[in-house]
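Data block for work.cif (mmCIF, C-alpha atoms and all ligand atoms):
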data_upload
loop_
_atom_site.label_atom_id
_atom_site.label_comp_id
_atom_site.auth_asym_id
_atom_site.auth_seq_id
_atom_site.Cartn_x
_atom_site.Cartn_y
_atom_site.Cartn_z
CA MET A 1 6.22 17.27 -12.27
CA ASP A 2 5.48 15.81 -8.83
CA ARG A 3 9.21 15.08 -8.52
CA LYS A 4 9.96 18.81 -8.85
CA ILE A 5 7.24 19.66 -6.32
CA ASP A 6 8.88 17.20 -3.94
CA GLU A 7 12.14 19.13 -4.41
CA LEU A 8 10.35 22.37 -3.61
CA LEU A 9 8.83 20.93 -0.44
CA PHE A 10 12.18 19.48 0.57
CA ALA A 11 13.83 22.88 0.13
CA LEU A 12 11.13 24.52 2.30
CA MET A 13 11.57 21.79 4.92
CA GLN A 14 15.24 22.47 5.20
CA ASN A 15 14.49 26.11 6.02
CA MET A 16 11.57 25.62 8.40
CA THR A 17 12.38 28.63 10.59
CA ILE A 18 12.89 31.27 7.91
CA ALA A 19 11.03 32.53 4.87
CA VAL A 20 12.83 31.51 1.68
CA SER A 21 12.63 34.03 -1.12
CA GLY A 22 10.48 32.99 -4.06
CA GLU A 23 13.17 34.40 -6.30
CA LYS A 24 15.77 32.02 -4.89
CA LEU A 25 13.44 28.99 -4.91
CA ALA A 26 12.48 29.58 -8.54
CA ARG A 27 16.14 30.00 -9.51
CA ASP A 28 17.31 26.88 -7.62
CA LEU A 29 14.54 24.79 -9.17
CA GLY A 30 15.10 26.29 -12.62
CA VAL A 31 11.45 27.41 -13.09
CA SER A 32 9.56 30.66 -13.67
CA HIS A 33 7.76 32.59 -10.95
CA SER A 34 4.38 31.54 -12.26
CA THR A 35 5.34 27.86 -12.21
CA LEU A 36 6.61 28.26 -8.66
CA SER A 37 3.35 29.80 -7.47
CA ARG A 38 1.37 27.05 -9.24
CA TRP A 39 3.44 24.43 -7.38
CA ILE A 40 2.96 26.25 -4.06
CA ASP A 41 -0.80 26.17 -4.72
CA LYS A 42 -0.62 22.46 -5.44
CA LEU A 43 1.20 21.84 -2.16
CA ARG A 44 -1.41 23.90 -0.32
CA GLU A 45 -4.14 21.84 -1.96
CA ALA A 46 -2.34 18.75 -0.67
CA GLY A 47 -2.68 20.10 2.88
CA VAL A 48 0.79 21.59 3.28
CA GLU A 49 0.60 24.84 5.27
CA ILE A 50 2.78 27.48 3.62
CA ARG A 51 2.76 31.11 4.68
CA GLY A 52 3.81 33.98 2.42
CA GLU A 53 3.99 34.71 -1.26
CA LEU A 54 6.44 35.18 -4.06
CA PHE A 55 7.83 38.55 -3.01
CA THR A 56 7.81 38.16 0.78
CA GLY A 57 9.18 34.63 0.69
CA TYR A 58 7.64 31.31 1.66
CA ARG A 59 7.74 29.49 4.99
CA LEU A 60 6.27 26.20 6.18
CA THR A 61 4.13 26.65 9.27
CA ARG A 62 4.06 23.04 10.39
CA ILE A 63 5.91 19.87 9.50
CA PRO A 64 3.78 18.37 6.75
CA ASP A 65 2.79 14.72 6.75
CA VAL A 66 3.78 13.98 3.18
CA MET A 67 5.37 10.75 1.90
CA LEU A 68 8.40 12.56 0.47
CA PRO A 69 10.86 10.19 -1.24
CA GLN A 70 13.62 12.42 0.20
CA TRP A 71 12.51 11.32 3.69
CA ILE A 72 11.83 7.72 2.76
CA ARG A 73 15.11 6.92 1.02
CA PRO A 74 17.47 7.58 3.94
CA ARG A 75 15.32 5.36 6.17
CA LEU A 76 15.20 2.36 3.81
CA ARG A 77 17.12 -0.74 4.84
CA THR A 78 16.22 -2.80 1.77
CA GLN A 79 18.25 -3.99 -1.22
CA SER A 80 15.60 -3.56 -3.88
CA LEU A 81 12.10 -2.84 -2.54
CA GLY A 82 11.42 0.90 -2.56
CA ARG A 83 14.73 1.79 -4.18
CA ASN A 84 12.91 3.36 -7.13
CA ILE A 85 10.06 5.60 -5.98
CA PHE A 86 7.32 7.52 -7.78
CA HIS A 87 5.44 9.90 -5.51
CA PHE A 88 2.17 11.62 -6.44
CA TYR A 89 0.18 14.30 -4.66
CA SER A 90 -2.80 13.01 -6.60
CA VAL A 91 -3.17 10.11 -9.04
CA ASP A 92 -6.10 8.05 -10.29
CA SER A 93 -4.79 4.80 -8.81
CA THR A 94 -1.24 3.70 -7.99
CA ASN A 95 -2.00 0.25 -9.45
CA ALA A 96 -3.27 1.86 -12.66
CA PHE A 97 -0.14 4.01 -12.85
CA ALA A 98 2.05 0.91 -12.35
CA SER A 99 0.26 -0.89 -15.22
CA ARG A 100 0.74 2.14 -17.46
CA LEU A 101 4.46 2.15 -16.67
CA LEU A 102 4.72 -1.55 -17.51
CA ASN A 103 2.59 -1.28 -20.65
CA HIS A 104 4.57 1.61 -22.04
CA GLY A 105 7.55 -0.68 -22.30
CA ARG A 106 9.59 1.30 -19.79
CA LYS A 107 12.09 -0.77 -17.87
CA VAL A 108 10.49 -0.98 -14.47
CA VAL A 109 12.90 -2.40 -11.93
CA HIS A 110 11.92 -4.98 -9.32
CA GLY A 111 10.77 -3.20 -6.18
CA THR A 112 9.61 0.01 -7.87
CA THR A 113 7.19 1.66 -5.46
CA ILE A 114 4.44 4.10 -6.43
CA ILE A 115 3.02 6.18 -3.59
CA ALA A 116 0.07 8.58 -3.60
CA GLU A 117 -1.17 11.11 -1.08
CA LEU A 118 -4.61 10.89 -2.66
CA GLN A 119 -6.21 8.60 -5.25
CA THR A 120 -9.08 9.88 -7.35
CA ALA A 121 -10.07 6.39 -8.52
CA GLY A 122 -8.59 4.00 -5.94
CA ARG A 123 -9.40 0.42 -6.92
CA GLY A 124 -10.42 -2.42 -4.66
CA ARG A 125 -10.79 -6.14 -5.35
CA LEU A 126 -13.66 -7.49 -7.43
CA GLY A 127 -14.24 -4.18 -9.22
CA ARG A 128 -14.90 -2.23 -6.04
CA SER A 129 -13.47 1.19 -5.26
CA TRP A 130 -11.08 2.06 -2.43
CA HIS A 131 -11.76 5.12 -0.30
CA SER A 132 -8.51 7.12 -0.69
CA GLU A 133 -8.73 10.43 1.12
CA GLN A 134 -5.77 12.73 1.45
CA GLU A 135 -3.18 12.51 4.19
CA ASN A 136 -4.80 9.86 6.37
CA GLY A 137 -4.15 6.75 4.35
CA LEU A 138 -1.16 4.90 3.03
CA TYR A 139 -1.70 4.09 -0.65
CA PHE A 140 1.05 2.42 -2.61
CA SER A 141 1.81 -0.19 -5.25
CA LEU A 142 4.88 -2.33 -5.45
CA VAL A 143 6.07 -3.74 -8.76
CA LEU A 144 7.75 -7.13 -8.39
CA ARG A 145 9.50 -9.16 -11.07
CA PRO A 146 9.82 -12.55 -9.43
CA ARG A 147 11.12 -15.51 -11.40
CA ILE A 148 8.20 -17.80 -10.64
CA PRO A 149 5.45 -19.63 -12.51
CA PRO A 150 2.00 -17.93 -12.25
CA GLY A 151 0.75 -20.60 -9.84
CA PHE A 152 2.91 -19.12 -7.07
CA ALA A 153 1.54 -15.59 -7.45
CA PRO A 154 -1.12 -15.87 -4.68
CA LEU A 155 1.68 -16.50 -2.21
CA PHE A 156 2.88 -12.95 -2.79
CA THR A 157 -0.39 -11.41 -1.68
CA LEU A 158 -0.57 -13.71 1.34
CA GLY A 159 3.04 -12.70 2.10
CA THR A 160 2.13 -9.04 1.81
CA ALA A 161 -0.59 -9.51 4.42
CA VAL A 162 1.78 -11.38 6.74
CA ALA A 163 4.45 -8.66 6.49
CA LEU A 164 1.91 -5.88 7.05
CA GLN A 165 0.45 -7.66 10.02
CA ALA A 166 3.89 -7.94 11.66
CA VAL A 167 4.70 -4.27 11.06
CA VAL A 168 1.34 -3.04 12.32
CA ALA A 169 1.75 -5.12 15.48
CA ARG A 170 5.25 -3.71 16.09
CA GLN A 171 4.38 -0.11 15.43
CA THR A 172 0.94 0.16 16.98
CA GLY A 173 0.90 -2.64 19.53
CA LEU A 174 -2.40 -3.83 17.99
CA GLN A 175 -2.97 -7.53 17.46
CA VAL A 176 -4.63 -7.54 14.06
CA ASP A 177 -6.09 -10.48 12.19
CA ILE A 178 -5.69 -11.56 8.56
CA LYS A 179 -9.00 -12.40 6.95
CA TRP A 180 -8.65 -14.71 3.99
CA PRO A 181 -7.28 -14.03 1.51
CA ASN A 182 -5.56 -10.81 2.53
CA ASP A 183 -7.62 -8.24 4.36
CA LEU A 184 -6.36 -6.97 7.68
CA LEU A 185 -8.90 -6.54 10.45
CA ALA A 186 -8.70 -4.68 13.75
CA GLU A 187 -11.49 -5.30 16.24
CA GLY A 188 -13.32 -7.18 13.48
CA LYS A 189 -13.29 -4.27 10.99
CA LYS A 190 -11.17 -3.89 7.88
CA PHE A 191 -8.41 -1.28 7.85
CA CYS A 192 -6.20 -2.63 5.08
CA GLY A 193 -6.78 -4.21 1.69
CA ILE A 194 -4.47 -5.65 -0.94
CA LEU A 195 -5.09 -5.69 -4.68
CA ALA A 196 -2.66 -7.81 -6.68
CA GLU A 197 -2.53 -7.74 -10.46
CA MET A 198 -0.36 -9.93 -12.62
CA GLN A 199 1.13 -9.80 -16.09
CA ALA A 200 2.14 -13.33 -17.04
CA GLU A 201 2.64 -15.91 -19.74
CA PHE A 202 1.50 -19.48 -19.33
CA ASP A 203 4.72 -20.51 -17.59
CA ARG A 204 6.23 -17.38 -16.14
CA VAL A 205 5.29 -14.16 -14.43
CA HIS A 206 6.42 -10.91 -16.05
CA SER A 207 5.41 -8.68 -13.24
CA LEU A 208 3.20 -8.47 -10.21
CA ILE A 209 1.64 -5.25 -9.04
CA ILE A 210 0.82 -5.39 -5.37
CA GLY A 211 -1.40 -2.49 -4.33
CA VAL A 212 -1.84 -1.80 -0.63
CA GLY A 213 -4.29 0.57 1.02
CA VAL A 214 -4.07 1.13 4.77
CA ASN A 215 -6.46 3.35 6.71
CA VAL A 216 -3.95 4.90 9.07
CA ASN A 217 -5.04 8.20 10.60
CA HIS A 218 -8.69 8.54 9.64
CA THR A 219 -10.80 9.73 12.55
CA THR A 220 -14.09 8.75 10.92
CA MET A 221 -15.17 6.54 8.03
CA PRO A 222 -17.70 7.45 5.33
CA ASP A 223 -21.23 6.34 6.28
CA ASP A 224 -21.48 3.67 3.58
CA ILE A 225 -18.48 1.71 4.95
CA ALA A 226 -18.49 2.80 8.60
CA GLU A 227 -20.01 -0.47 9.80
CA ARG A 228 -17.24 -2.63 8.40
CA ALA A 229 -14.21 -0.32 8.05
CA THR A 230 -11.90 1.31 10.56
CA SER A 231 -8.45 2.90 10.79
CA LEU A 232 -5.43 2.25 12.97
CA ARG A 233 -6.00 5.57 14.70
CA MET A 234 -9.65 4.83 15.41
CA VAL A 235 -8.66 1.59 17.11
CA SER A 236 -5.47 2.63 18.90
CA GLY A 237 -6.56 6.17 19.78
CA ARG A 238 -3.39 7.79 18.39
CA ALA A 239 -1.84 8.81 15.10
CA HIS A 240 0.79 6.69 13.34
CA SER A 241 3.55 7.49 10.87
CA ARG A 242 2.72 6.41 7.34
CA ILE A 243 6.38 6.66 6.36
CA GLU A 244 7.53 4.35 9.17
CA LEU A 245 4.80 1.83 8.29
CA LEU A 246 5.92 1.81 4.66
CA VAL A 247 9.65 1.64 5.36
CA GLU A 248 9.27 -1.21 7.83
CA PHE A 249 6.86 -3.06 5.57
CA LEU A 250 9.32 -2.95 2.66
CA GLU A 251 12.04 -4.42 4.86
CA GLU A 252 9.81 -7.08 6.40
CA PHE A 253 8.44 -8.12 3.00
CA GLU A 254 11.88 -8.22 1.39
CA ASN A 255 13.10 -10.53 4.17
CA LEU A 256 10.04 -12.76 3.76
CA LEU A 257 10.61 -12.97 0.00
CA ALA A 258 14.24 -13.93 0.64
CA ARG A 259 13.07 -16.75 2.91
CA PHE A 260 10.61 -17.84 0.20
CA GLU A 261 13.45 -17.97 -2.35
CA GLN A 262 15.60 -20.03 0.02
CA SER A 263 13.10 -22.45 1.46
CA GLY A 264 10.00 -22.29 -0.74
CA PRO A 265 6.29 -21.62 -0.07
CA ALA A 266 6.35 -22.90 3.52
CA ALA A 267 8.01 -19.63 4.57
CA ILE A 268 4.83 -17.78 3.67
CA ILE A 269 2.20 -20.47 4.23
CA ASP A 270 3.39 -21.20 7.77
CA SER A 271 3.46 -17.53 8.77
CA TRP A 272 0.05 -16.86 7.29
CA THR A 273 -1.39 -19.89 9.05
CA ALA A 274 0.14 -18.87 12.37
CA HIS A 275 -1.22 -15.32 12.13
CA SER A 276 -4.70 -15.71 10.69
CA SER A 277 -7.64 -16.85 12.80
CA PHE A 278 -9.24 -17.82 9.46
CA ALA A 279 -6.68 -20.55 8.72
CA ASN A 280 -8.26 -23.40 10.64
CA GLY A 281 -11.62 -24.32 12.08
CA ARG A 282 -13.59 -21.25 10.94
CA ARG A 283 -16.95 -21.76 9.26
CA LEU A 284 -17.07 -19.55 6.15
CA ARG A 285 -19.23 -18.89 3.17
CA ILE A 286 -17.17 -17.86 0.14
CA ASN A 287 -18.19 -16.51 -3.22
CA ASP A 288 -15.37 -17.48 -5.59
CA GLY A 289 -16.84 -15.61 -8.55
CA PHE A 290 -18.69 -18.68 -9.89
CA ARG A 291 -20.52 -20.10 -6.92
CA GLU A 292 -20.97 -19.91 -3.18
CA ILE A 293 -19.24 -22.55 -1.09
CA GLU A 294 -19.68 -23.11 2.60
CA GLY A 295 -17.37 -25.06 4.84
CA VAL A 296 -14.87 -25.16 7.65
CA THR A 297 -11.32 -23.95 6.98
CA ARG A 298 -8.56 -26.56 6.99
CA GLY A 299 -5.41 -24.53 6.29
CA LEU A 300 -3.76 -23.56 3.00
CA ASN A 301 -2.41 -25.79 0.25
CA PRO A 302 1.24 -25.24 -0.88
CA PHE A 303 0.13 -22.70 -3.52
CA GLY A 304 -1.83 -20.62 -1.05
CA ALA A 305 -5.35 -21.87 -1.83
CA LEU A 306 -7.68 -22.14 1.15
CA ARG A 307 -8.78 -25.68 1.98
CA LEU A 308 -12.44 -25.75 2.89
CA GLU A 309 -14.16 -28.85 4.24
CA THR A 310 -17.73 -28.81 2.92
CA PRO A 311 -20.69 -30.39 4.78
CA ASP A 312 -20.40 -33.57 2.65
CA GLY A 313 -16.85 -34.11 3.97
CA LYS A 314 -15.04 -33.14 0.74
CA VAL A 315 -12.15 -30.67 0.83
CA GLU A 316 -12.38 -27.90 -1.78
CA GLU A 317 -9.38 -25.68 -2.56
CA VAL A 318 -10.30 -22.04 -3.19
CA PHE A 319 -7.75 -19.64 -4.68
CA SER A 320 -9.60 -16.39 -4.55
CA GLY A 321 -12.97 -14.98 -3.66
CA ASP A 322 -14.90 -13.04 -1.16
CA VAL A 323 -15.77 -14.27 2.29
CA ILE A 324 -19.41 -13.28 2.56
CA SER A 325 -20.05 -14.58 6.04
CA TRP A 326 -18.01 -16.10 8.80
CA LYS A 327 -18.31 -17.45 12.34
C1 LIG B 1 -9.41 -4.44 -1.43
O1 LIG B 1 -9.42 -4.82 -0.27
O2 LIG B 1 -10.44 -4.41 -2.09
C2 LIG B 1 -8.11 -3.99 -2.05
C3 LIG B 1 -7.84 -2.53 -1.83
C4 LIG B 1 -6.53 -2.08 -2.41
C5 LIG B 1 -6.36 -0.59 -2.35
C6 LIG B 1 -4.99 -0.16 -2.80
S1 LIG B 1 -4.69 1.55 -2.47
C7 LIG B 1 -3.23 1.49 -3.41
C8 LIG B 1 -3.50 0.61 -4.61
N1 LIG B 1 -4.03 1.38 -5.70
C9 LIG B 1 -5.31 1.07 -5.95
O3 LIG B 1 -6.02 1.62 -6.81
N2 LIG B 1 -5.71 0.08 -5.14
C10 LIG B 1 -4.65 -0.35 -4.26
#
structure tokens encoding of this file:
Amino acid sequence: MDRKIDELLFALMQNMTIAVSGEKLARDLGVSHSTLSRWIDKLREAGVEIRGELFTGYRLTRIPDVMLPQWIRPRLRTQSLGRNIFHFYSVDSTNAFASRLLNHGRKVVHGTTIIAELQTAGRGRLGRSWHSEQENGLYFSLVLRPRIPPGFAPLFTLGTAVALQAVVARQTGLQVDIKWPNDLLAEGKKFCGILAEMQAEFDRVHSLIIGVGVNVNHTTMPDDIAERATSLRMVSGRAHSRIELLVEFLEEFENLLARFEQSGPAAIIDSWTAHSSFANGRRLRINDGFREIEGVTRGLNPFGALRLETPDGKVEEVFSGDVISWK
């Protein structure tokens, strides 16, 4: 249904200066009047300003900031990432939707991208939730079908962080940091998180779902996360285009994955190391889900695990976890 609502919005967009008759819209979309007014209500709920009603005609009163596939597609410069798009005005979680697609045995092509304006149950790492308010954030999941053994999967999340960091720097001028394993920080606060989920057999990956949440145009953060979270707008002082961030990210990430296929993990490891202040010489305390380890960072191993030199001089390799304190 959201695909049809996208068509409706697109039709209104193409007639910004005039009121389009409800009669004509309903006919063109092949739906009844009552369905049309339900869809108009849904768009209004999603923050789209539409004046008028069925019998006077409908008109958009400002250009809406909606991640319409019809606007994204013509801007894409990728071969496969983002070529198949699902767009939701509201969904529980784009990662959860991606898993449902995969589990229902549908053929989900490499690069399928699921985008939401709003998530009602946005998921974060380690069972946390992800604040997913309407319009201000970029929330999407990318389904990848790489031909790799599971051991290489962490490289894909590190690569996602590297690609996002490059795009954010280009589009906002902000120099942002990558906190291990793949949070993006601006002025020491988190504005972007990545949640990767994998379906795999012992020796090969079936699919990876890479979920990305970016706080783009929020002007405030909820009290419970305000101390540690921020948005690009709060740091740069101006609004940014979610569509341009997504389109450029897909291109940047596709190019990085191509380099990985040609020359192996170094393509990702070297970029991550060059762009994260956490790569070398930082004293961290990490909870890896089983224990807490403290040490000084000594780069990544070829599979993307963080090398941590502990006080007794040993080097531990940590694949995932939570940095609970850092200096
Ligand atoms: C984290 O830092 O804890 C990861 C946050 C990941 C949030 C994104 S928003 C889009 C995608 N769908 C989800 O439910 N989560 C990820």
Residues of chain A at most 8 Å from ligand LIG 1 (chain B): nearest atom pair and distance in Å, all atoms listed in the file, as a Markdown table:
| residue | atom | partner | partner_atom | distance |
| --- | --- | --- | --- | --- |
| A:Asp92 | CA | B:LIG1 | O3 | 7.3 |
| A:Ser93 | CA | B:LIG1 | O3 | 4.0 |
| A:Thr94 | CA | B:LIG1 | N1 | 4.3 |
| A:Asn95 | CA | B:LIG1 | N1 | 4.4 |
| A:Ala96 | CA | B:LIG1 | O3 | 6.5 |
| A:Ile115 | CA | B:LIG1 | C7 | 7.8 |
| A:Ala116 | CA | B:LIG1 | C7 | 7.8 |
| A:Gln119 | CA | B:LIG1 | O3 | 7.2 |
| A:Ala121 | CA | B:LIG1 | O3 | 6.5 |
| A:Gly122 | CA | B:LIG1 | O3 | 3.6 |
| A:Arg123 | CA | B:LIG1 | O3 | 3.6 |
| A:Gly124 | CA | B:LIG1 | O2 | 3.3 |
| A:Arg125 | CA | B:LIG1 | O2 | 3.7 |
| A:Leu126 | CA | B:LIG1 | O2 | 7.0 |
| A:Arg128 | CA | B:LIG1 | O2 | 6.3 |
| A:Ser129 | CA | B:LIG1 | O2 | 7.1 |
| A:Trp130 | CA | B:LIG1 | C5 | 5.4 |
| A:Ser132 | CA | B:LIG1 | S1 | 7.0 |
| A:Leu138 | CA | B:LIG1 | S1 | 7.3 |
| A:Tyr139 | CA | B:LIG1 | C7 | 4.1 |
| A:Phe140 | CA | B:LIG1 | C7 | 4.5 |
| A:Ser141 | CA | B:LIG1 | C8 | 5.4 |
| A:Asn182 | CA | B:LIG1 | O1 | 7.7 |
| A:Asp183 | CA | B:LIG1 | O1 | 6.0 |
| A:Cys192 | CA | B:LIG1 | O1 | 6.6 |
| A:Gly193 | CA | B:LIG1 | O1 | 3.3 |
| A:Ile194 | CA | B:LIG1 | C2 | 4.2 |
| A:Leu195 | CA | B:LIG1 | C2 | 4.4 |
| A:Ile210 | CA | B:LIG1 | C8 | 7.4 |
| A:Gly211 | CA | B:LIG1 | C8 | 3.8 |
| A:Val212 | CA | B:LIG1 | C6 | 4.2 |
| A:Gly213 | CA | B:LIG1 | S1 | 3.6 |
| A:Val214 | CA | B:LIG1 | S1 | 7.3 |
(message) Env of region 266-269 of chain A: 7 Å cut, atoms = only C-alpha atoms, seq-sep filter 5 positions within chain, self excluded. Answer as a PyMOL selection string.
(response) chain A and resi 155+159+259-260+300+304
(message) Let me make sure I understand: among A:Arg3, A:Arg307, A:Lys327, A:Lys24, which one has the smallest atom-to-atom distance to Pro181 (chain A) if we use all atoms listed in the file?
(response)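 Ranking A:Arg3, A:Arg307, A:Lys327, A:Lys24 by distance to Pro181 (chain A), first place goes to A:Arg307.
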Quick one: which region 193-263 of chain A residues come within 12 Å of region 82-85 of chain A, and what is the nearest atom pair for each with the distance in Å to one decimal, counting all atoms listed in the file, rows ordered by chain and ascending number, as CSV?
residue,atom,partner,partner_atom,distance
A:Ile243,CA,A:Gly82,CA,11.8
A:Leu246,CA,A:Gly82,CA,9.1
A:Val247,CA,A:Gly82,CA,8.1
A:Glu248,CA,A:Gly82,CA,10.8
A:Phe249,CA,A:Gly82,CA,10.1
A:Leu250,CA,A:Gly82,CA,6.8
A:Glu251,CA,A:Gly82,CA,9.2
A:Phe253,CA,A:Gly82,CA,11.0
A:Glu254,CA,A:Gly82,CA,9.9
Neighbour list for Ala11 (chain A) as a PDB file with C-alpha atoms, keeping the file's coordinate frame, cut-off 12 Å, all atoms listed in the file, skip fewer than 4 positions in-chain:
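Below is the file that was written, part.pdb:
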ATOM      1  CA  LYS A   4       9.960  18.810  -8.850  1.00  0.00           C
ATOM      2  CA  ILE A   5       7.240  19.660  -6.320  1.00  0.00           C
ATOM      3  CA  ASP A   6       8.880  17.200  -3.940  1.00  0.00           C
ATOM      4  CA  GLU A   7      12.140  19.130  -4.410  1.00  0.00           C
ATOM      5  CA  ASN A  15      14.490  26.110   6.020  1.00  0.00           C
ATOM      6  CA  MET A  16      11.570  25.620   8.400  1.00  0.00           C
ATOM      7  CA  ILE A  18      12.890  31.270   7.910  1.00  0.00           C
ATOM      8  CA  ALA A  19      11.030  32.530   4.870  1.00  0.00           C
ATOM      9  CA  VAL A  20      12.830  31.510   1.680  1.00  0.00           C
ATOM     10  CA  SER A  21      12.630  34.030  -1.120  1.00  0.00           C
ATOM     11  CA  GLY A  22      10.480  32.990  -4.060  1.00  0.00           C
ATOM     12  CA  LYS A  24      15.770  32.020  -4.890  1.00  0.00           C
ATOM     13  CA  LEU A  25      13.440  28.990  -4.910  1.00  0.00           C
ATOM     14  CA  ALA A  26      12.480  29.580  -8.540  1.00  0.00           C
ATOM     15  CA  ASP A  28      17.310  26.880  -7.620  1.00  0.00           C
ATOM     16  CA  LEU A  29      14.540  24.790  -9.170  1.00  0.00           C
ATOM     17  CA  TYR A  58       7.640  31.310   1.660  1.00  0.00           C
ATOM     18  CA  ARG A  59       7.740  29.490   4.990  1.00  0.00           C
ATOM     19  CA  LEU A  60       6.270  26.200   6.180  1.00  0.00           C
ATOM     20  CA  LEU A  68       8.400  12.560   0.470  1.00  0.00           C
ATOM     21  CA  GLN A  70      13.620  12.420   0.200  1.00  0.00           C
TER      22      GLN A  70
END
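Interatomic distance, CA of Arg285 (chain A) against CA of Ile209 (chain A): 27.8 Å.
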(request) Using CA of Ser99 (chain A) and CA of Glu244 (chain A) as the two end points, give the distance in Å to one decimal. (result)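 Straight-line distance from CA of Ser99 (chain A) to CA of Glu244 (chain A) works out to 26.0 Å.
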(request) For CA of Ile178 (chain A) and CA of Glu316 (chain A), quote the distance in Å rounded to one decimal. (result) 20.5 Å
(request) Excluding His240 (chain A) and residues on its chain fewer than 5 positions from it, collect all residues at most 9 Å away from it, counting all atoms listed in the file, and give them as a PyMOL selection string. (result) chain A and resi 171-172+216-217+232-233+245
Atoms kept (C-alpha atoms) for selection, written as a short mmCIF file (atom, residue, chain, number, x, y, z; two decimals), in the coordinates of the input:
data_model
loop_
_atom_site.label_atom_id
_atom_site.label_comp_id
_atom_site.auth_asym_id
_atom_site.auth_seq_id
_atom_site.Cartn_x
_atom_site.Cartn_y
_atom_site.Cartn_z
CA GLN A 171 4.38 -0.11 15.43
CA THR A 172 0.94 0.16 16.98
CA VAL A 216 -3.95 4.90 9.07
CA ASN A 217 -5.04 8.20 10.60
CA LEU A 232 -5.43 2.25 12.97
CA ARG A 233 -6.00 5.57 14.70
CA LEU A 245 4.80 1.83 8.29
#
(message) Please return as an MDAnalysis selection string every residue within 9 Å of (-6.2, -19.5, 10.5), taking into account all atoms listed in the file and the file's own coordinates.
(response) chainID A and resid 178:180 272:282 297:300
What are the centre and edge lengths in Å, to one decimal, of the axis-aligned box around all listed atoms of region 16-23 of chain A with 4 Å added on each side, as lines of an AutoDock Vina configuration file?
center_x = 11.8
center_y = 30.0
center_z = 2.1
size_x = 10.7
size_y = 16.8
size_z = 24.9
(request) Can you work out which one of A:Phe10, A:Phe55, A:Phe156, A:Phe290 has the shortest atom-to-atom distance to Ser37 (chain A), counting only C-alpha atoms? (result) A:Phe55
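Closest approach to Phe202 (chain A) among A:Val167, A:Ile148, A:Ala161, A:Leu76 is made by A:Ile148 (distances from all atoms listed in the file).
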If you count only C-alpha atoms, which residues fall within 6 Å of Phe191 (chain A), apart from same-chain ones fewer than 2 positions away, as a PDB file with C-alpha atoms, keeping the file's coordinate frame?
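Generated file (part.pdb):
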ATOM      1  CA  LEU A 185      -8.900  -6.540  10.450  1.00  0.00           C
ATOM      2  CA  VAL A 214      -4.070   1.130   4.770  1.00  0.00           C
ATOM      3  CA  ASN A 215      -6.460   3.350   6.710  1.00  0.00           C
ATOM      4  CA  ALA A 229     -14.210  -0.320   8.050  1.00  0.00           C
ATOM      5  CA  THR A 230     -11.900   1.310  10.560  1.00  0.00           C
ATOM      6  CA  SER A 231      -8.450   2.900  10.790  1.00  0.00           C
TER       7      SER A 231
END
(message) Can you tell me which residues surround Asp322 (chain A) at a distance of at most 8 Å, considering only C-alpha atoms, apart from same-chain residues fewer than 2 positions away, and format the answer as a list in words?
(response)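 So the residues in contact are Ile286, Asn287, Asp288, Ser320 and Ile324 of chain A.
Minimum atom-to-atom distances from A:Ser207, A:Gln165, A:Gln262, A:Thr157 to Phe319 (chain A) were compared using only C-alpha atoms, and the lowest value belongs to A:Thr157.
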(request) Would you list the residues near (5.3, 23.5, 7.5) (no more than 8 Å away, in the coordinates of the file, using all atoms listed in the file) as a ChimeraX atom specification? (result) /A:12-13,16,48-50,59-64
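The residue that comes closest to Gly295 (chain A), out of A:Leu308, A:Leu208, A:Leu9, A:Ala46 and on the basis of all atoms listed in the file, is A:Leu308.
Each of A:Asn255, A:Thr17, A:Thr219, A:Asn301 was checked against Glu135 (chain A) using all atoms listed in the file; the smallest atom-to-atom distance is that of A:Thr219.
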